[in-house]
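Asks: Sending over query-v2.csv (CSV, C-alpha atoms).
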chain,number,residue,atom,x,y,z
A,1,MET,CA,63.7,-76.7,3.2
A,2,LYS,CA,65.0,-79.3,5.6
A,3,ARG,CA,67.9,-78.6,7.9
A,4,ALA,CA,71.2,-80.4,7.1
A,5,ALA,CA,72.1,-83.1,9.5
A,6,ASN,CA,75.1,-85.5,10.1
A,7,LEU,CA,77.7,-83.1,8.7
A,8,TRP,CA,80.3,-83.8,11.4
A,9,PRO,CA,81.9,-87.0,9.9
A,10,GLN,CA,82.4,-85.2,6.6
A,11,LEU,CA,83.7,-82.1,8.3
A,12,THR,CA,86.3,-84.0,10.4
A,13,SER,CA,87.4,-86.4,7.8
A,14,PHE,CA,91.1,-86.4,7.0
A,15,GLU,CA,90.3,-85.7,3.3
A,16,ASN,CA,88.4,-82.6,4.2
A,17,LEU,CA,91.1,-81.4,6.6
A,18,LEU,CA,93.8,-82.1,3.9
A,19,ALA,CA,91.9,-80.1,1.3
A,20,SER,CA,91.3,-77.3,3.8
A,21,ALA,CA,95.0,-77.1,4.6
A,22,GLN,CA,95.9,-76.9,0.9
A,23,ALA,CA,93.3,-74.1,0.4
A,24,ALA,CA,94.5,-72.2,3.5
A,25,ALA,CA,98.1,-72.4,2.3
A,26,ALA,CA,97.4,-71.3,-1.3
A,27,GLY,CA,99.8,-68.4,-2.1
A,28,LYS,CA,101.2,-68.4,1.5
A,29,ARG,CA,103.5,-71.4,1.6
A,30,SER,CA,106.6,-69.3,2.2
A,31,ARG,CA,105.2,-67.8,5.4
A,32,PRO,CA,107.0,-69.3,8.4
A,33,ASP,CA,103.9,-70.5,10.3
A,34,VAL,CA,102.4,-72.1,7.1
A,35,ALA,CA,105.7,-73.7,6.2
A,36,ALA,CA,106.1,-75.1,9.7
A,37,PHE,CA,102.7,-76.7,9.6
A,38,LEU,CA,103.2,-78.1,6.1
A,39,LEU,CA,106.6,-79.6,7.1
A,40,ASP,CA,104.8,-82.1,9.3
A,41,LEU,CA,101.5,-81.9,7.5
A,42,GLU,CA,100.1,-85.4,8.2
A,43,PRO,CA,100.9,-85.5,12.0
A,44,ASN,CA,99.5,-81.9,12.3
A,45,LEU,CA,96.3,-82.9,10.6
A,46,VAL,CA,95.9,-86.1,12.6
A,47,ARG,CA,96.4,-84.1,15.8
A,48,LEU,CA,93.9,-81.5,14.7
A,49,GLN,CA,91.4,-84.2,13.7
A,50,ARG,CA,91.8,-85.8,17.1
A,51,GLU,CA,91.1,-82.5,18.9
A,52,LEU,CA,88.0,-81.9,16.9
A,53,LEU,CA,86.7,-85.4,17.5
A,54,ASP,CA,87.3,-85.4,21.2
A,55,GLY,CA,86.1,-81.8,21.8
A,56,THR,CA,89.5,-80.4,23.0
A,57,TYR,CA,90.0,-78.1,20.0
A,58,ARG,CA,90.3,-74.5,21.0
A,59,PRO,CA,91.1,-71.5,18.7
A,60,GLY,CA,94.4,-69.7,19.3
A,61,PRO,CA,94.9,-66.0,19.7
A,62,TYR,CA,94.7,-63.6,16.8
A,63,ARG,CA,97.5,-61.4,15.5
A,64,THR,CA,96.1,-58.0,14.6
A,65,PHE,CA,97.3,-55.1,12.4
A,66,GLU,CA,95.8,-52.1,10.8
A,67,ILE,CA,95.6,-51.2,7.2
A,68,ARG,CA,94.7,-47.7,6.0
A,69,GLU,CA,93.7,-48.2,2.3
A,70,PRO,CA,91.1,-47.5,1.2
A,71,LYS,CA,90.1,-46.6,4.8
A,72,PRO,CA,91.4,-47.6,8.3
A,73,ARG,CA,90.5,-51.3,9.1
A,74,LEU,CA,91.6,-53.7,11.8
A,75,ILE,CA,92.7,-57.0,10.2
A,76,SER,CA,92.9,-60.2,12.3
A,77,ALA,CA,95.1,-63.1,11.4
A,78,ALA,CA,94.3,-66.4,13.1
A,79,PRO,CA,97.0,-69.1,13.6
A,80,PHE,CA,97.4,-71.3,10.6
A,81,ARG,CA,95.9,-74.4,12.2
A,82,ASP,CA,92.8,-72.4,13.0
A,83,ARG,CA,92.6,-71.2,9.4
A,84,VAL,CA,92.6,-74.9,8.4
A,85,VAL,CA,89.5,-75.4,10.6
A,86,HIS,CA,87.9,-72.3,9.2
A,87,HIS,CA,88.2,-73.7,5.7
A,88,ALA,CA,87.1,-77.2,6.9
A,89,LEU,CA,83.9,-75.7,8.3
A,90,THR,CA,83.0,-73.5,5.3
A,91,ARG,CA,83.7,-76.3,2.8
A,92,ILE,CA,80.9,-78.3,4.5
A,93,LEU,CA,78.5,-75.4,5.2
A,94,ASN,CA,78.8,-73.7,1.8
A,95,PRO,CA,76.8,-76.3,-0.1
A,96,VAL,CA,74.1,-76.2,2.5
A,97,PHE,CA,73.6,-72.5,2.3
A,98,GLU,CA,74.2,-72.1,-1.4
A,99,LYS,CA,70.8,-73.7,-1.9
A,100,ARG,CA,69.3,-71.0,0.3
A,101,PHE,CA,71.2,-67.9,-0.6
A,102,SER,CA,69.7,-65.2,-2.8
A,103,PRO,CA,71.2,-65.2,-6.3
A,104,PHE,CA,71.8,-61.4,-5.9
A,105,SER,CA,74.6,-61.8,-3.3
A,106,PHE,CA,77.9,-61.9,-5.1
A,107,ALA,CA,80.8,-61.9,-2.5
A,108,CYS,CA,82.8,-64.9,-1.6
A,109,ARG,CA,80.6,-67.4,-3.6
A,110,GLU,CA,81.7,-69.8,-6.3
A,111,GLY,CA,80.6,-68.6,-9.7
A,112,LYS,CA,79.9,-65.1,-8.4
A,113,GLY,CA,82.4,-62.4,-7.5
A,114,THR,CA,83.2,-58.8,-8.5
A,115,HIS,CA,82.9,-59.4,-12.3
A,116,ALA,CA,79.5,-61.0,-12.0
A,117,ALA,CA,78.3,-58.2,-9.7
A,118,LEU,CA,79.6,-55.6,-12.1
A,119,SER,CA,77.8,-57.2,-15.1
A,120,VAL,CA,74.5,-57.0,-13.2
A,121,ALA,CA,75.2,-53.4,-12.2
A,122,GLU,CA,76.1,-52.4,-15.7
A,123,ALA,CA,72.9,-54.0,-17.2
A,124,ALA,CA,70.8,-52.2,-14.5
A,125,CYS,CA,72.4,-48.9,-15.2
A,126,ALA,CA,71.5,-49.2,-18.9
A,127,ARG,CA,67.9,-49.8,-18.0
A,128,TYR,CA,67.2,-47.6,-14.9
A,129,THR,CA,67.7,-43.9,-14.2
A,130,HIS,CA,67.8,-44.1,-10.4
A,131,VAL,CA,70.0,-46.1,-8.1
A,132,LEU,CA,70.5,-46.2,-4.3
A,133,LYS,CA,73.9,-47.3,-3.2
A,134,CYS,CA,74.0,-48.4,0.4
A,135,ASP,CA,76.7,-49.4,2.8
A,136,ILE,CA,76.0,-50.9,6.3
A,137,ARG,CA,78.0,-48.9,8.8
A,138,LYS,CA,80.7,-50.9,10.7
A,139,TYR,CA,79.1,-54.1,9.4
A,140,PHE,CA,81.6,-56.8,10.6
A,141,ALA,CA,81.9,-55.0,14.0
A,142,SER,CA,78.1,-54.9,14.4
A,143,ILE,CA,77.3,-58.5,13.7
A,144,ASP,CA,75.3,-59.9,16.7
A,145,HIS,CA,76.7,-63.3,17.7
A,146,GLN,CA,73.4,-64.7,19.0
A,147,ILE,CA,71.5,-63.7,15.9
A,148,LEU,CA,74.2,-65.3,13.7
A,149,LYS,CA,74.1,-68.5,15.6
A,150,THR,CA,70.3,-68.6,15.3
A,151,LYS,CA,70.5,-68.1,11.5
A,152,LEU,CA,73.1,-71.0,11.3
A,153,ALA,CA,70.8,-73.3,13.3
A,154,GLY,CA,67.9,-72.5,11.0
A,155,ALA,CA,69.7,-74.4,8.2
A,156,VAL,CA,71.9,-76.9,10.2
A,157,LYS,CA,70.7,-79.6,12.5
A,158,CYS,CA,74.2,-81.1,13.3
A,159,ARG,CA,75.0,-80.4,16.9
A,160,GLN,CA,78.8,-80.8,16.6
A,161,THR,CA,79.0,-78.6,13.5
A,162,LEU,CA,77.0,-75.9,15.2
A,163,ALA,CA,79.1,-76.1,18.3
A,164,LEU,CA,82.3,-75.7,16.2
A,165,ALA,CA,80.8,-72.7,14.4
A,166,GLY,CA,79.8,-71.2,17.8
A,167,LEU,CA,83.3,-71.8,19.2
A,168,ILE,CA,84.8,-69.8,16.2
A,169,ILE,CA,82.2,-67.1,16.7
A,170,ASP,CA,82.8,-66.8,20.4
A,171,GLY,CA,86.6,-66.9,19.8
A,172,SER,CA,86.4,-63.6,17.9
A,173,ASN,CA,88.8,-61.1,19.2
A,174,PRO,CA,87.4,-57.7,20.4
A,175,GLN,CA,86.5,-55.4,17.5
A,176,GLU,CA,85.9,-51.6,17.6
A,177,ASP,CA,83.0,-50.6,19.8
A,178,VAL,CA,79.8,-50.0,17.9
A,179,HIS,CA,76.8,-48.9,19.9
A,180,PHE,CA,73.5,-48.3,18.2
A,181,LEU,CA,70.2,-47.8,20.0
A,182,PHE,CA,66.9,-49.0,18.6
A,183,PRO,CA,63.3,-48.5,19.7
A,184,GLY,CA,62.9,-50.2,23.1
A,185,ASP,CA,66.6,-50.3,23.9
A,186,ASP,CA,68.0,-48.7,27.1
A,187,LEU,CA,71.6,-47.5,27.7
A,188,PHE,CA,72.8,-51.0,28.6
A,189,THR,CA,71.3,-52.9,25.7
A,190,PRO,CA,74.3,-52.6,23.4
A,191,PHE,CA,76.5,-54.3,26.1
A,192,GLU,CA,74.2,-57.2,26.8
A,193,ARG,CA,75.3,-59.4,23.9
A,194,ARG,CA,78.6,-59.8,22.0
A,195,ARG,CA,79.0,-58.3,18.6
A,196,GLY,CA,81.8,-58.3,16.0
A,197,LEU,CA,83.6,-60.7,13.7
A,198,PRO,CA,87.3,-60.4,12.8
A,199,LEU,CA,88.1,-59.1,9.3
A,200,GLY,CA,90.4,-61.6,7.6
A,201,ASN,CA,88.7,-64.9,8.5
A,202,GLN,CA,87.4,-67.3,5.9
A,203,THR,CA,84.5,-67.9,8.3
A,204,SER,CA,83.8,-64.2,8.7
A,205,GLN,CA,83.2,-63.8,4.9
A,206,PHE,CA,80.9,-66.8,4.9
A,207,PHE,CA,79.0,-65.7,8.1
A,208,ALA,CA,78.6,-62.2,6.6
A,209,ASN,CA,76.6,-63.8,3.7
A,210,VAL,CA,74.5,-65.9,6.2
A,211,TYR,CA,73.7,-62.8,8.3
A,212,LEU,CA,72.4,-60.7,5.5
A,213,ASP,CA,70.6,-63.3,3.4
A,214,GLY,CA,67.3,-62.5,5.1
A,215,PHE,CA,67.7,-58.9,4.0
A,216,ASP,CA,68.4,-60.0,0.4
A,217,GLN,CA,65.2,-62.1,0.4
A,218,PHE,CA,63.2,-59.2,1.9
A,219,VAL,CA,64.4,-56.7,-0.7
A,220,THR,CA,63.9,-58.9,-3.7
A,221,ARG,CA,60.7,-60.6,-2.7
A,222,ARG,CA,58.9,-57.8,-0.8
A,223,LEU,CA,60.2,-54.5,-2.2
A,224,TRP,CA,60.6,-55.7,-5.7
A,225,PRO,CA,63.4,-53.5,-7.1
A,226,GLY,CA,63.9,-53.7,-10.8
A,227,ALA,CA,67.5,-54.8,-10.1
A,228,TYR,CA,69.5,-55.6,-7.0
A,229,ALA,CA,73.0,-56.6,-6.1
A,230,ARG,CA,74.9,-57.0,-2.8
A,231,TYR,CA,78.6,-57.4,-2.3
A,232,VAL,CA,79.4,-58.1,1.4
A,233,ASP,CA,77.8,-55.0,3.0
A,234,ASP,CA,77.4,-52.8,-0.1
A,235,CYS,CA,74.1,-53.1,-1.9
A,236,ALA,CA,72.5,-51.2,-4.8
A,237,PRO,CA,68.7,-51.5,-5.5
A,238,ARG,CA,67.6,-50.0,-8.8
A,239,GLY,CA,64.2,-49.0,-10.1
A,240,ALA,CA,62.3,-50.0,-6.9
A,241,LYS,CA,58.7,-51.0,-7.8
A,242,GLY,CA,55.8,-49.6,-5.8
A,243,LEU,CA,57.8,-47.0,-3.9
A,244,THR,CA,57.4,-43.2,-4.0
A,245,SER,CA,60.5,-42.8,-6.2
A,246,PRO,CA,62.6,-45.4,-8.0
A,247,ALA,CA,65.4,-45.1,-5.4
A,248,ALA,CA,63.3,-44.6,-2.2
A,249,MET,CA,64.9,-47.6,-0.5
A,250,CYS,CA,67.4,-47.9,2.3
A,251,CYS,CA,69.5,-50.6,3.9
With the file now loaded, output its structure as structure tokens.

Replies:
Amino acid sequence: MKRAANLWPQLTSFENLLASAQAAAAGKRSRPDVAAFLLDLEPNLVRLQRELLDGTYRPGPYRTFEIREPKPRLISAAPFRDRVVHHALTRILNPVFEKRFSPFSFACREGKGTHAALSVAEAACARYTHVLKCDIRKYFASIDHQILKTKLAGAVKCRQTLALAGLIIDGSNPQEDVHFLFPGDDLFTPFERRRGLPLGNQTSQFFANVYLDGFDQFVTRRLWPGAYARYVDDCAPRGAKGLTSPAAMCC
């Protein structure tokens, strides 16, 4: 499949930025930072557009807070103008990657979602007696920035769009330390490259699907489970064909 090119004019168009601001403000118009941006919406969008076009746009600092339900998590809130940019980027990249994504990934995708994932799971439970439910440990904190950028460049040829995606990735605030050693690593390997995306970003949800799509393709095309569904970093293969037992799979 050919890489998508010449996305920058569409991404930086006033129409895309306006639609992105409206999407980012949905359900949050009463918040002070959102209300302040919307009060001077057109000048703010023109200024944001100019910064994107002349290369002076830089993400602002995150505001962080912790939630404890269902388990402790660090949530990061970007300034509203940055959230507009996040939506502007994903509105353009989503159609590019939707053509490539596995149909068995259900999170943060139009026409998918929790109800669709549940329907697949219920149908599989009625058919198979074994299931392996998997969760990737510290998924968002473990995402390797360079690997993610390489995956984006595998589908996108537009230099400016990739540069903006890289700017957002590099602008991620520090996440909890996650250090895993793999064969061939030494004690310094986990510190050689940056890892971690902020929970709470529109872009992080999208990047999470990009990062694991290769895994989805491997499971469904090489391992051939009877059924498979992934929602963010939770996945459940059922009735795996050709394995020693129907649930002898891991992720």

Asks: How many Å lie between CA of Val34 (chain A) and CA of Glu66 (chain A), rounded to one decimal?

Replies: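 Separating CA of Val34 (chain A) from CA of Glu66 (chain A) is a distance of 21.4 Å.
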
Asks: So that I can see what lies close to Ala78 (chain A), please list as a PyMOL selection string the residues with an atom at most 7 Å from it, counting only C-alpha atoms and leaving out residues fewer than 2 positions away in the same chain.

Replies: chain A and resi 61-63+76+80+82-83

Asks: When you draw a straight line from CA of Ala77 (chain A) to CA of Leu45 (chain A), how long is it in Å?

Replies: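 Atom-to-atom, CA of Ala77 (chain A) and CA of Leu45 (chain A) are spaced 19.9 Å apart.
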
Asks: Would you please work out which residue, of A:Leu152, A:Arg222, A:Ser204, A:Ala227, is nearest to Ser119 (chain A) when using only C-alpha atoms?

Replies: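 Using only C-alpha atoms, the shortest distance to Ser119 (chain A) belongs to A:Ala227.
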
Asks: Any idea what the distance is between CA of Arg91 (chain A) and CA of Arg73 (chain A)?

Replies: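 Rounded to one decimal, the two atoms are 26.7 Å apart.
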
Asks: My list of candidates is A:Ala36, A:Ala229, A:Glu110, A:Ile67. Which is closest to Pro95 (chain A) when distances are computed with all atoms listed in the file?

Replies: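 Counting all atoms listed in the file, the residue closest to Pro95 (chain A) is A:Glu110.
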
Asks: Set the distance at 6 Å and use all atoms listed in the file: which residues neighbour region 154-156 of chain A once local chain neighbours fewer than 3 positions away are removed? I'd like the list as a PyMOL selection string.

Replies: chain A and resi 3-4+151

Asks: Using all atoms listed in the file, which residue out of A:Gly184, A:Ala23, A:Gly113, A:Phe104 lies closest to Arg221 (chain A)?

Replies: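 Between A:Gly184, A:Ala23, A:Gly113, A:Phe104, the residue approaching Arg221 (chain A) most closely is A:Phe104.
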
Asks: Pick from A:Leu167, A:Leu93, A:Ala117, A:Ala236: nearest to Leu52 (chain A), with all atoms listed in the file counted?

Replies: A:Leu167

Asks: In the coordinate frame of the file, compute which residues have an atom within 12 Å of (96.3, -78.5, -0.1) when using all atoms listed in the file, and state them as a list in words.

Replies: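 Counting all atoms listed in the file, I find these residues within 12 Å of (96.3, -78.5, -0.1): Phe14, Glu15, Asn16, Leu17, Leu18, Ala19, Ser20, Ala21, Gln22, Ala23, Ala24, Ala25, Ala26, Gly27, Lys28, Arg29, Val34, Phe37, Leu38, Leu41, Glu42, Leu45, Val84, His87 and Ala88 of chain A.
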
Asks: With C-alpha atoms kept, could you save the residues just selected as a CSV table (one decimal), keeping the file's coordinate frame?

Replies:
chain,number,residue,atom,x,y,z
A,14,PHE,CA,91.1,-86.4,7.0
A,15,GLU,CA,90.3,-85.7,3.3
A,16,ASN,CA,88.4,-82.6,4.2
A,17,LEU,CA,91.1,-81.4,6.6
A,18,LEU,CA,93.8,-82.1,3.9
A,19,ALA,CA,91.9,-80.1,1.3
A,20,SER,CA,91.3,-77.3,3.8
A,21,ALA,CA,95.0,-77.1,4.6
A,22,GLN,CA,95.9,-76.9,0.9
A,23,ALA,CA,93.3,-74.1,0.4
A,24,ALA,CA,94.5,-72.2,3.5
A,25,ALA,CA,98.1,-72.4,2.3
A,26,ALA,CA,97.4,-71.3,-1.3
A,27,GLY,CA,99.8,-68.4,-2.1
A,28,LYS,CA,101.2,-68.4,1.5
A,29,ARG,CA,103.5,-71.4,1.6
A,34,VAL,CA,102.4,-72.1,7.1
A,37,PHE,CA,102.7,-76.7,9.6
A,38,LEU,CA,103.2,-78.1,6.1
A,41,LEU,CA,101.5,-81.9,7.5
A,42,GLU,CA,100.1,-85.4,8.2
A,45,LEU,CA,96.3,-82.9,10.6
A,84,VAL,CA,92.6,-74.9,8.4
A,87,HIS,CA,88.2,-73.7,5.7
A,88,ALA,CA,87.1,-77.2,6.9

Asks: Which of these residues is nearest to Gln217 (chain A), using all atoms listed in the file: A:Lys2, A:Arg193, A:Arg100, A:Arg68?

Replies: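 Using all atoms listed in the file, the shortest distance to Gln217 (chain A) belongs to A:Arg100.
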
Asks: Could you list, as a ChimeraX atom specification, every residue within 12 Å of Ala163 (chain A), counting all atoms listed in the file and ignoring same-chain residues fewer than 6 positions away?

Replies: /A:7-8,52,55,57-58,89,149-150,152-153,156-157,169-171

Asks: Measuring atom to atom with only C-alpha atoms, identify which of A:Arg50, A:Arg230, A:His145, A:Arg159 is nearest to Gly196 (chain A).

Replies: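 Residue with the minimum atom-to-atom distance to Gly196 (chain A): A:His145.
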
Asks: At a cut-off of 9 Å around the point (76.4, -57.2, 13.1) (file coordinates), what residues fall inside when counting all atoms listed in the file? I'd like the answer as a list of chain:residue names.

Replies: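 The answer, in the requested form, is A:Lys138, A:Tyr139, A:Phe140, A:Ala141, A:Ser142, A:Ile143, A:Asp144, A:His145, A:Ile147, A:Leu148, A:Arg195, A:Gly196, A:Leu197, A:Ala208, A:Tyr211.
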